[in-house]
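K.L.:
Below you will find the structure I want to go over with you.
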Amino acid sequence: MEHGDVLGGLYPVCGVDAVGALGALIAIPLSLGGWLSVLVGMAGIVALSLPEEFKRVKAWLTPATGLGLLSGFCFALTALSIHYSSRQLSLPPVHAAGVVLVSMMIMQLVLMTVWLAWREPGLFRQIPQHLGWAVFIGLTSALGSIGWYTAMSLQNPALVKTLGQVEFFFTLFITWRLFKEPIRGKEWVGMGLILASVILLLRV
């Protein structure tokens with residue numbers, strides 16, 4: 001993975017802070033304990049994601065920095081939009097989350113189909129070759145999205161995204177178990193900080 005790719009993946013995590021900041025501006029404030037949980041979780045993700053090379057200032061001055069921050073801001077807007085859209089529907093939270101999820105999936109399907117047909121039409125011919133994995137990934141992603149959207153309908157999105165960072169535990173476990181990759185010191189530190197943020201969150 002190139003340095004720019006690492007930064008591009010790291011900055012969207014800042015969306016957790018952006019959700020909290022934007023939410024505070026539109027009447028979804030976080031308590032002091034909530035902010036502490038978010039910031040500790042952010043520190044954990046940075047510890048997990050940041051290679052040694054990025055201790056140099058110049059390593060941060062790349063196009064990936066701007067694109068990553070923009071991505072994080074857009075993720076924050078999406079999370080808050082999910083929360084408010086669900087609250088506007090006169091439905092139970094699970095049903096409201098389902099309506100919002102299906103609406104977004106339809107929009108994404110249309111946009112991605114048009115984009116791929118324009119930019120990479122050959123990909124459509126490759127779908128049958130990978131149909132099994134595509135169905136598996138689609139189903140697991142759908143289940144995960146149902147959980148995300150329902151939680152964001154019920155609770156402050158910043159807290160939901162902070163708790164959702166436990167996914168890194170599962171990612172590291174899978175890479176250790178299936179791909180035999182060792183867990184390094186910084187990853188233990190990152191996991192410890194994420195665990196601390198979850199404990200703080202549960203006490204808020």
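By convention in this document, the chains of the structure tokens carry letters A, B, ... by their order, each chain's residues are numbered from 1, and ligands are numbered from 1 in the order they are shown.
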Within 10 Å of Phe168 in chain A, counting only C-alpha atoms, which residues show up once you throw out same-chain ones fewer than 6 positions away? Write them as an mmCIF file with N, CA and C atoms, in the first residue's frame, please.

P.N.:
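Saved file part_2.cif follows:
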```cif
data_model
loop_
_atom_site.group_PDB
_atom_site.id
_atom_site.type_symbol
_atom_site.label_atom_id
_atom_site.label_comp_id
_atom_site.auth_asym_id
_atom_site.auth_seq_id
_atom_site.Cartn_x
_atom_site.Cartn_y
_atom_site.Cartn_z
ATOM 1 N N GLY A 44 -6.912 5.757 19.153
ATOM 2 C CA GLY A 44 -6.687 4.336 18.910
ATOM 3 C C GLY A 44 -6.603 4.014 17.438
ATOM 4 N N ILE A 45 -7.497 4.614 16.629
ATOM 5 C CA ILE A 45 -7.477 4.368 15.189
ATOM 6 C C ILE A 45 -6.204 4.921 14.566
ATOM 7 N N LEU A 48 -3.398 2.608 15.252
ATOM 8 C CA LEU A 48 -3.478 1.403 14.422
ATOM 9 C C LEU A 48 -3.055 1.662 12.987
ATOM 10 N N ILE A 174 -8.913 -11.517 12.213
ATOM 11 C CA ILE A 174 -8.982 -12.268 10.954
ATOM 12 C C ILE A 174 -7.625 -12.291 10.268
ATOM 13 N N GLU A 187 -0.356 -1.895 17.299
ATOM 14 C CA GLU A 187 -1.721 -2.400 17.156
ATOM 15 C C GLU A 187 -2.313 -2.772 18.510
ATOM 16 N N GLY A 190 -3.287 0.544 19.939
ATOM 17 C CA GLY A 190 -4.506 1.017 19.308
ATOM 18 C C GLY A 190 -5.738 0.294 19.822
ATOM 19 N N MET A 191 -5.627 -1.032 19.955
ATOM 20 C CA MET A 191 -6.763 -1.803 20.454
ATOM 21 C C MET A 191 -7.079 -1.442 21.897
ATOM 22 N N ILE A 194 -8.983 1.835 21.826
ATOM 23 C CA ILE A 194 -10.356 1.633 21.350
ATOM 24 C C ILE A 194 -11.198 0.992 22.440
#
```
